[in-house]
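Shown next: model28.txt, containing compact mmCIF, C-alpha atoms.
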# COMPACT_ATOMS: atom_id res chain seq x y z
CA MET A 3 15.16 -9.96 -4.77
CA ASP A 4 13.06 -7.57 -2.65
CA PHE A 5 13.52 -4.06 -4.11
CA GLU A 6 13.93 -2.47 -0.67
CA LEU A 7 16.67 -4.94 0.22
CA LEU A 8 18.36 -4.28 -3.13
CA LEU A 9 18.33 -0.53 -2.44
CA VAL A 10 19.92 -1.05 1.00
CA ILE A 11 22.67 -3.26 -0.47
CA LEU A 12 23.42 -0.77 -3.27
CA THR A 13 23.49 2.10 -0.77
CA LEU A 14 25.99 0.26 1.43
CA LEU A 15 28.27 -0.77 -1.46
CA THR A 16 28.34 2.63 -3.16
CA GLY A 17 28.58 4.35 0.25
CA ILE A 18 31.71 2.39 1.12
CA VAL A 19 33.39 3.55 -2.10
CA TRP A 20 32.22 7.16 -1.53
CA VAL A 21 33.54 7.27 2.07
CA TRP A 22 36.83 5.68 1.07
CA ASP A 23 37.33 8.13 -1.80
CA ARG A 24 36.31 11.20 0.21
CA TRP A 25 37.86 10.55 3.62
CA LEU A 26 40.29 7.64 3.56
CA ARG A 27 41.99 7.89 0.21
CA ARG A 28 45.34 9.66 0.32
CA LYS A 29 44.86 13.14 -1.07
CA ASP A 30 48.45 13.41 -2.22
CA GLU A 31 48.19 10.12 -4.12
CA GLU A 32 49.58 10.32 -7.62
CA ARG A 33 46.80 9.84 -10.17
CA ASP A 34 47.34 8.99 -13.78
CA GLY A 35 44.31 10.30 -15.64
CA GLU A 36 40.74 9.64 -14.56
CA ASP A 37 39.65 7.15 -11.91
CA PRO A 38 38.55 3.72 -13.16
CA TRP A 39 34.80 3.15 -13.68
CA TYR A 40 34.49 0.91 -10.61
CA ILE A 41 35.41 3.91 -8.44
CA ASP A 42 33.85 6.74 -10.42
CA LEU A 43 30.45 5.06 -10.99
CA PRO A 44 29.68 4.06 -7.35
CA ARG A 45 30.97 7.44 -6.15
CA SER A 46 28.57 9.24 -8.50
CA LEU A 47 25.57 6.99 -7.81
CA PHE A 48 25.76 6.94 -4.00
CA PRO A 49 23.99 10.29 -3.33
CA ILE A 50 21.20 9.42 -5.78
CA ILE A 51 20.59 5.93 -4.38
CA LEU A 52 20.72 7.26 -0.80
CA ILE A 53 18.09 9.92 -1.56
CA VAL A 54 15.82 7.32 -3.22
CA LEU A 55 16.18 4.99 -0.22
CA VAL A 56 15.40 7.72 2.31
CA ILE A 57 12.34 9.02 0.43
CA ARG A 58 11.00 5.54 -0.32
CA SER A 59 11.54 4.26 3.23
CA PHE A 60 10.55 7.26 5.33
CA VAL A 61 8.48 9.71 3.26
CA ALA A 62 6.40 8.31 0.39
CA GLU A 63 6.49 5.27 -1.84
CA PRO A 64 4.80 4.70 -5.22
CA PHE A 65 2.71 1.59 -5.85
CA ARG A 66 0.84 0.28 -8.87
CA ILE A 67 -2.66 -1.17 -8.51
CA PRO A 68 -2.63 -4.56 -10.31
CA SER A 69 -6.27 -5.67 -9.93
CA GLY A 70 -9.85 -4.52 -9.44
CA SER A 71 -10.26 -5.66 -5.82
CA MET A 72 -10.49 -2.03 -4.62
CA LEU A 73 -13.02 -0.82 -7.19
CA PRO A 74 -14.57 1.72 -7.33
CA THR A 75 -12.00 3.54 -5.16
CA LEU A 76 -8.97 2.29 -7.09
CA GLN A 77 -8.76 0.58 -10.44
CA ALA A 78 -6.13 -1.53 -12.19
CA GLY A 79 -3.67 0.87 -13.79
CA ASP A 80 -3.72 3.45 -10.99
CA PHE A 81 -0.36 4.51 -9.59
CA ILE A 82 -0.63 5.70 -6.01
CA LEU A 83 1.49 7.33 -3.34
CA VAL A 84 1.71 5.88 0.16
CA ASN A 85 2.50 7.93 3.26
CA LYS A 86 5.33 5.95 4.90
CA PHE A 87 5.30 7.73 8.28
CA SER A 88 1.52 7.55 8.85
CA TYR A 89 1.88 4.37 10.96
CA GLY A 90 5.33 5.12 12.34
CA VAL A 91 8.77 5.32 10.78
CA ARG A 92 10.29 1.88 10.25
CA LEU A 93 13.77 0.67 9.44
CA PRO A 94 14.17 -0.58 5.86
CA VAL A 95 14.03 -4.37 5.44
CA LEU A 96 13.82 -5.04 9.22
CA ARG A 97 10.43 -3.26 9.39
CA THR A 98 11.10 -2.30 13.03
CA ARG A 99 9.30 0.87 14.12
CA PHE A 100 11.69 3.36 15.71
CA LEU A 101 9.76 6.62 15.61
CA GLY A 102 6.17 7.48 16.62
CA GLY A 103 3.29 7.42 14.18
CA ALA A 104 -0.43 7.12 14.64
CA THR A 105 -2.26 3.82 14.82
CA PRO A 106 -4.40 2.80 11.83
CA GLU A 107 -8.01 3.92 11.85
CA ARG A 108 -11.13 2.28 10.49
CA GLY A 109 -11.58 3.26 6.87
CA ASP A 110 -7.88 3.76 6.09
CA VAL A 111 -6.74 2.43 2.72
CA ALA A 112 -3.48 0.72 3.68
CA VAL A 113 -0.63 -0.92 1.82
CA PHE A 114 0.91 -3.90 3.58
CA ARG A 115 2.97 -6.99 3.00
CA TYR A 116 0.83 -9.99 2.15
CA PRO A 117 0.74 -12.21 5.28
CA VAL A 118 0.99 -15.41 3.20
CA ASP A 119 3.95 -14.14 1.14
CA PRO A 120 5.61 -11.00 2.61
CA THR A 121 7.51 -10.37 -0.64
CA GLN A 122 4.22 -9.16 -2.18
CA ASP A 123 2.50 -5.85 -1.46
CA TYR A 124 -1.29 -5.72 -1.07
CA ILE A 125 -3.72 -2.85 -0.67
CA LYS A 126 -7.07 -3.05 1.15
CA ARG A 127 -9.26 -1.02 3.48
CA ILE A 128 -8.88 -1.43 7.25
CA VAL A 129 -12.27 -2.16 8.80
CA GLY A 130 -11.36 -4.02 12.00
CA LEU A 131 -9.06 -2.91 14.81
CA PRO A 132 -7.39 -5.07 17.50
CA GLY A 133 -10.03 -6.63 19.76
CA ASP A 134 -12.94 -6.10 17.33
CA GLU A 135 -15.47 -8.79 16.55
CA ILE A 136 -16.02 -8.79 12.77
CA ARG A 137 -18.99 -10.41 11.08
CA TYR A 138 -19.82 -10.39 7.38
CA GLU A 139 -23.29 -11.70 6.60
CA ASN A 140 -25.49 -11.23 3.53
CA ARG A 141 -23.02 -8.66 2.20
CA GLN A 142 -23.39 -6.59 5.35
CA LEU A 143 -20.40 -5.74 7.55
CA PHE A 144 -20.92 -5.87 11.33
CA ILE A 145 -18.38 -4.54 13.83
CA ASN A 146 -18.92 -5.59 17.44
CA GLY A 147 -22.49 -6.48 16.51
CA VAL A 148 -23.26 -3.07 14.96
CA PRO A 149 -23.95 -2.98 11.19
CA ALA A 150 -21.90 -0.56 9.11
CA GLU A 151 -24.15 2.13 7.65
CA GLN A 152 -24.81 1.52 3.94
CA GLU A 153 -26.69 3.66 1.43
CA LEU A 154 -27.52 2.51 -2.10
CA VAL A 155 -26.13 4.95 -4.67
CA GLY A 156 -27.29 3.13 -7.79
CA ARG A 157 -26.26 0.77 -10.57
CA TYR A 158 -22.53 0.60 -11.26
CA ASP A 159 -21.48 0.80 -14.91
CA GLY A 160 -17.73 1.38 -14.63
CA LEU A 161 -14.83 -1.07 -14.81
CA ASP A 162 -15.65 -4.69 -13.94
CA ALA A 163 -19.37 -3.98 -14.41
CA ASP A 164 -21.45 -7.02 -15.33
CA GLY A 165 -24.85 -5.38 -15.54
CA THR A 166 -25.81 -6.26 -11.96
CA ALA A 167 -23.15 -4.53 -9.83
CA GLU A 168 -24.52 -2.02 -7.32
CA LEU A 169 -22.73 0.97 -5.83
CA PHE A 170 -23.14 1.63 -2.10
CA ARG A 171 -21.92 4.39 0.19
CA GLU A 172 -20.56 2.83 3.39
CA ARG A 173 -19.68 4.70 6.57
CA LEU A 174 -17.38 3.62 9.40
CA GLU A 175 -17.23 6.23 12.14
CA ASP A 176 -15.68 9.31 10.45
CA ALA A 177 -14.79 7.51 7.21
CA ALA A 178 -17.19 7.36 4.24
CA TYR A 179 -16.40 5.62 0.95
CA GLU A 180 -17.99 3.68 -1.90
CA ILE A 181 -18.08 -0.10 -2.27
CA LEU A 182 -19.25 -2.50 -4.95
CA ILE A 183 -21.72 -5.32 -4.40
CA HIS A 184 -22.44 -8.05 -6.96
CA PRO A 185 -25.87 -9.46 -6.01
CA ASN A 186 -25.45 -12.52 -8.24
CA SER A 187 -22.29 -13.64 -6.42
CA PRO A 188 -22.47 -15.88 -3.32
CA GLY A 189 -22.96 -13.67 -0.25
CA GLY A 190 -21.15 -15.88 2.24
CA TYR A 191 -20.81 -15.68 6.01
CA PHE A 192 -17.71 -14.86 8.02
CA SER A 193 -17.01 -14.24 11.69
CA TYR A 194 -13.64 -13.29 13.20
CA ASN A 195 -12.16 -11.86 16.40
CA VAL A 196 -9.22 -9.59 15.56
CA PRO A 197 -6.13 -10.43 17.69
CA GLU A 198 -4.10 -7.74 19.43
CA GLY A 199 -1.60 -6.03 17.17
CA GLN A 200 -3.49 -7.01 14.01
CA TYR A 201 -6.01 -5.46 11.62
CA PHE A 202 -8.88 -6.84 9.57
CA VAL A 203 -8.94 -5.66 5.95
CA LEU A 204 -11.48 -5.85 3.13
CA GLY A 205 -11.46 -4.90 -0.54
CA ASP A 206 -14.01 -2.28 -1.63
CA ASN A 207 -15.05 -4.65 -4.43
CA ARG A 208 -16.56 -6.87 -1.75
CA ASP A 209 -17.58 -9.90 -3.82
CA ARG A 210 -14.37 -9.97 -5.87
CA SER A 211 -11.61 -9.46 -3.36
CA ALA A 212 -9.21 -11.84 -1.63
CA ASP A 213 -8.78 -10.31 1.81
CA SER A 214 -8.88 -11.07 5.55
CA ARG A 215 -11.94 -13.25 5.02
CA MET A 216 -9.59 -15.72 3.29
CA TRP A 217 -6.15 -15.32 4.88
CA GLY A 218 -6.77 -13.63 8.22
CA ALA A 219 -5.76 -10.32 9.77
CA VAL A 220 -2.68 -8.23 8.97
CA GLY A 221 -0.02 -7.79 11.66
CA ASP A 222 1.16 -4.30 12.58
CA GLU A 223 4.70 -5.21 11.50
CA LEU A 224 3.45 -5.81 7.93
CA LEU A 225 1.94 -2.35 7.45
CA ALA A 226 3.76 -0.16 4.92
CA GLY A 227 1.67 3.00 5.07
CA ARG A 228 -1.58 4.75 4.18
CA ALA A 229 -2.47 5.41 0.54
CA PHE A 230 -3.38 9.06 0.00
CA MET A 231 -3.21 10.06 -3.68
CA ILE A 232 -3.34 8.83 -7.28
CA TRP A 233 -0.37 10.38 -9.06
CA MET A 234 -0.78 8.57 -12.38
CA SER A 235 -3.43 6.37 -14.02
CA TRP A 236 -3.43 4.30 -17.21
CA ASP A 237 -6.73 3.40 -18.88
CA SER A 238 -6.04 0.01 -20.47
CA ARG A 239 -9.40 -0.05 -22.27
CA ARG A 240 -8.68 3.15 -24.19
CA ASN A 241 -4.91 2.67 -24.10
CA ARG A 242 -4.25 6.17 -22.82
CA VAL A 243 -3.59 8.17 -19.67
CA ALA A 244 -6.69 8.67 -17.50
CA TRP A 245 -6.11 12.36 -16.89
CA ASP A 246 -9.28 12.79 -14.84
CA ARG A 247 -7.96 10.47 -12.09
CA ILE A 248 -4.55 12.09 -11.64
CA GLY A 249 -4.32 14.00 -8.37
CA ASP A 250 -7.42 12.38 -6.84
CA ARG A 251 -7.24 11.90 -3.09
CA ILE A 252 -7.90 8.39 -1.80
CA GLU A 253 -10.78 8.34 0.66
Same coordinates, now as structure tokens:
Amino acid sequence: MDFELLLVILTLLTGIVWVWDRWLRRKDEERDGEDPWYIDLPRSLFPIILIVLVIRSFVAEPFRIPSGSMLPTLQAGDFILVNKFSYGVRLPVLRTRFLGGATPERGDVAVFRYPVDPTQDYIKRIVGLPGDEIRYENRQLFINGVPAEQELVGRYDGLDADGTAELFRERLEDAAYEILIHPNSPGGYFSYNVPEGQYFVLGDNRDRSADSRMWGAVGDELLAGRAFMIWMSWDSRRNRVAWDRIGDRIE
């Protein structure tokens, strides 16, 4: 079951018991000893579950990075925080926006529900806005016919390195970030016109990412929020906490 839906159900069930006990139960009712567990437990858990639901739905939500598709920005084992009101406050489960929020910008690292299977959460970088013409040719990104500025940083020797990976600095308007290119992988060609209300996303590990080039753009209703910080990171190679990544801002 979807965790958000489970939280809503638990909040409703425990809330019903809490309201009944606090406002509807007869105060002069004779009580023999302590209340049974099926009253005491939901009554105690309701405030905790409610707080978790509110924070997770409207403030910030933690996510774990499961793969290397966003290298070098994010690596498998990173635990990140996502700003839930950056693209507007949405109702839990229904995903309906009911309060303001800015529209996504080029360069944002966004978490969203996978268009093919909305029960899964994905994270990629937004490069195309509604109405844009996107072209990807010879590992070069073009937006409305204009190539994204790229600067070679050097050879990449971090995670997922195969001896040939190259690190580039890419710039989209006010956003600047690093991407990985694997020259020995097929370059490919892709052209796409982004529909209204949708966004084109790419992984920073350009040659090893399943993204909008494969399954199309992401609808506004699927956006969960903008990733902004690494709060925990686990280095699986050394089997220890990667202390140097904790607290890093996500650019």
Within 9 Å of Phe87 in chain A using all atoms listed in the file, minus same-chain residues under 6 positions, as a ChimeraX atom specification: /A:59-62,101-104,226-228
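Proximity of A:Glu223, A:Glu253, A:Asp42, A:Glu6 to Arg58 in chain A, computed with all atoms listed in the file, is greatest for A:Glu6.
Distance annotation: of A:Tyr138, A:Gly199, A:Ile41, A:Gly79, the residue with the minimal separation from Asn241 in chain A is A:Gly79; atom set is all atoms listed in the file.
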Straight-line distance linking CA of Glu139 in chain A with CA of Tyr194 in chain A, stated in Å to one decimal: 11.8 Å
Between CA of Asp209 in chain A and CA of Ser187 in chain A - distance in Å to one decimal: 6.6 Å
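Checking A:Arg115, A:Val203, A:Asn186, A:Val84 one by one against Arg97 in chain A, counting only C-alpha atoms, you find the shortest gap at A:Arg115.
Considering the residues A:Ser193, A:Ser46, A:Gln152, A:Gln200 and counting all atoms listed in the file, Gly130 in chain A has its shortest atom-to-atom contact with A:Gln200.
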Ile67 in chain A environment, 7 Å, all atoms listed in the file, sequence neighbours closer than 5 positions dropped, as a ChimeraX atom specification: /A:77-81
Of the listed residues A:Asp176, A:Glu151, A:Asp4, A:Asp222, that which approaches Asp110 in chain A most closely, counting all atoms listed in the file: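 Closest residue, counting all atoms listed in the file: A:Asp176.
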Residue among A:Lys126, A:Arg66, A:Arg24, A:Arg92 lying closest to Asp213 in chain A, counting all atoms listed in the file: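 That would be A:Lys126, the residue with the smallest distance to Asp213 in chain A.
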Neighbour residues at most 12 Å from (-18.7, -3.7, -14.7) (all atoms listed in the file) as a list in words: Gly70, Leu73, Pro74, Gln77, Arg157, Tyr158, Asp159, Gly160, Leu161, Asp162, Ala163, Asp164, Gly165, Thr166, Ala167, Glu168, Leu169, Leu182, Ile183, His184, Asn207 and Arg210 of chain A
Residue subset to file, keeping C-alpha atoms, as a PDB file, keeping the file's coordinate frame:
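Writing done, so here's again_32.pdb:
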ATOM      1  CA  GLY A  70      -9.850  -4.520  -9.440  1.00  0.00           C
ATOM      2  CA  LEU A  73     -13.020  -0.820  -7.190  1.00  0.00           C
ATOM      3  CA  PRO A  74     -14.570   1.720  -7.330  1.00  0.00           C
ATOM      4  CA  GLN A  77      -8.760   0.580 -10.440  1.00  0.00           C
ATOM      5  CA  ARG A 157     -26.260   0.770 -10.570  1.00  0.00           C
ATOM      6  CA  TYR A 158     -22.530   0.600 -11.260  1.00  0.00           C
ATOM      7  CA  ASP A 159     -21.480   0.800 -14.910  1.00  0.00           C
ATOM      8  CA  GLY A 160     -17.730   1.380 -14.630  1.00  0.00           C
ATOM      9  CA  LEU A 161     -14.830  -1.070 -14.810  1.00  0.00           C
ATOM     10  CA  ASP A 162     -15.650  -4.690 -13.940  1.00  0.00           C
ATOM     11  CA  ALA A 163     -19.370  -3.980 -14.410  1.00  0.00           C
ATOM     12  CA  ASP A 164     -21.450  -7.020 -15.330  1.00  0.00           C
ATOM     13  CA  GLY A 165     -24.850  -5.380 -15.540  1.00  0.00           C
ATOM     14  CA  THR A 166     -25.810  -6.260 -11.960  1.00  0.00           C
ATOM     15  CA  ALA A 167     -23.150  -4.530  -9.830  1.00  0.00           C
ATOM     16  CA  GLU A 168     -24.520  -2.020  -7.320  1.00  0.00           C
ATOM     17  CA  LEU A 169     -22.730   0.970  -5.830  1.00  0.00           C
ATOM     18  CA  LEU A 182     -19.250  -2.500  -4.950  1.00  0.00           C
ATOM     19  CA  ILE A 183     -21.720  -5.320  -4.400  1.00  0.00           C
ATOM     20  CA  HIS A 184     -22.440  -8.050  -6.960  1.00  0.00           C
ATOM     21  CA  ASN A 207     -15.050  -4.650  -4.430  1.00  0.00           C
ATOM     22  CA  ARG A 210     -14.370  -9.970  -5.870  1.00  0.00           C
TER      23      ARG A 210
END
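The interatomic distance for the pair CA of Thr16 in chain A and CA of Phe48 in chain A works out to 5.1 Å.
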Surrounding residues of Arg137 in chain A excluding itself and chain neighbours under 2 positions, 9 Å, only C-alpha atoms, as a PyMOL selection string: chain A and resi 135+139+142-147+149+191-195
Generate the output file for the selected residues, C-alpha atoms, as a PDB file, in the frame of the given file.
ATOM      1  CA  GLU A 135     -15.470  -8.790  16.550  1.00  0.00           C
ATOM      2  CA  GLU A 139     -23.290 -11.700   6.600  1.00  0.00           C
ATOM      3  CA  GLN A 142     -23.390  -6.590   5.350  1.00  0.00           C
ATOM      4  CA  LEU A 143     -20.400  -5.740   7.550  1.00  0.00           C
ATOM      5  CA  PHE A 144     -20.920  -5.870  11.330  1.00  0.00           C
ATOM      6  CA  ILE A 145     -18.380  -4.540  13.830  1.00  0.00           C
ATOM      7  CA  ASN A 146     -18.920  -5.590  17.440  1.00  0.00           C
ATOM      8  CA  GLY A 147     -22.490  -6.480  16.510  1.00  0.00           C
ATOM      9  CA  PRO A 149     -23.950  -2.980  11.190  1.00  0.00           C
ATOM     10  CA  TYR A 191     -20.810 -15.680   6.010  1.00  0.00           C
ATOM     11  CA  PHE A 192     -17.710 -14.860   8.020  1.00  0.00           C
ATOM     12  CA  SER A 193     -17.010 -14.240  11.690  1.00  0.00           C
ATOM     13  CA  TYR A 194     -13.640 -13.290  13.200  1.00  0.00           C
ATOM     14  CA  ASN A 195     -12.160 -11.860  16.400  1.00  0.00           C
TER      15      ASN A 195
END
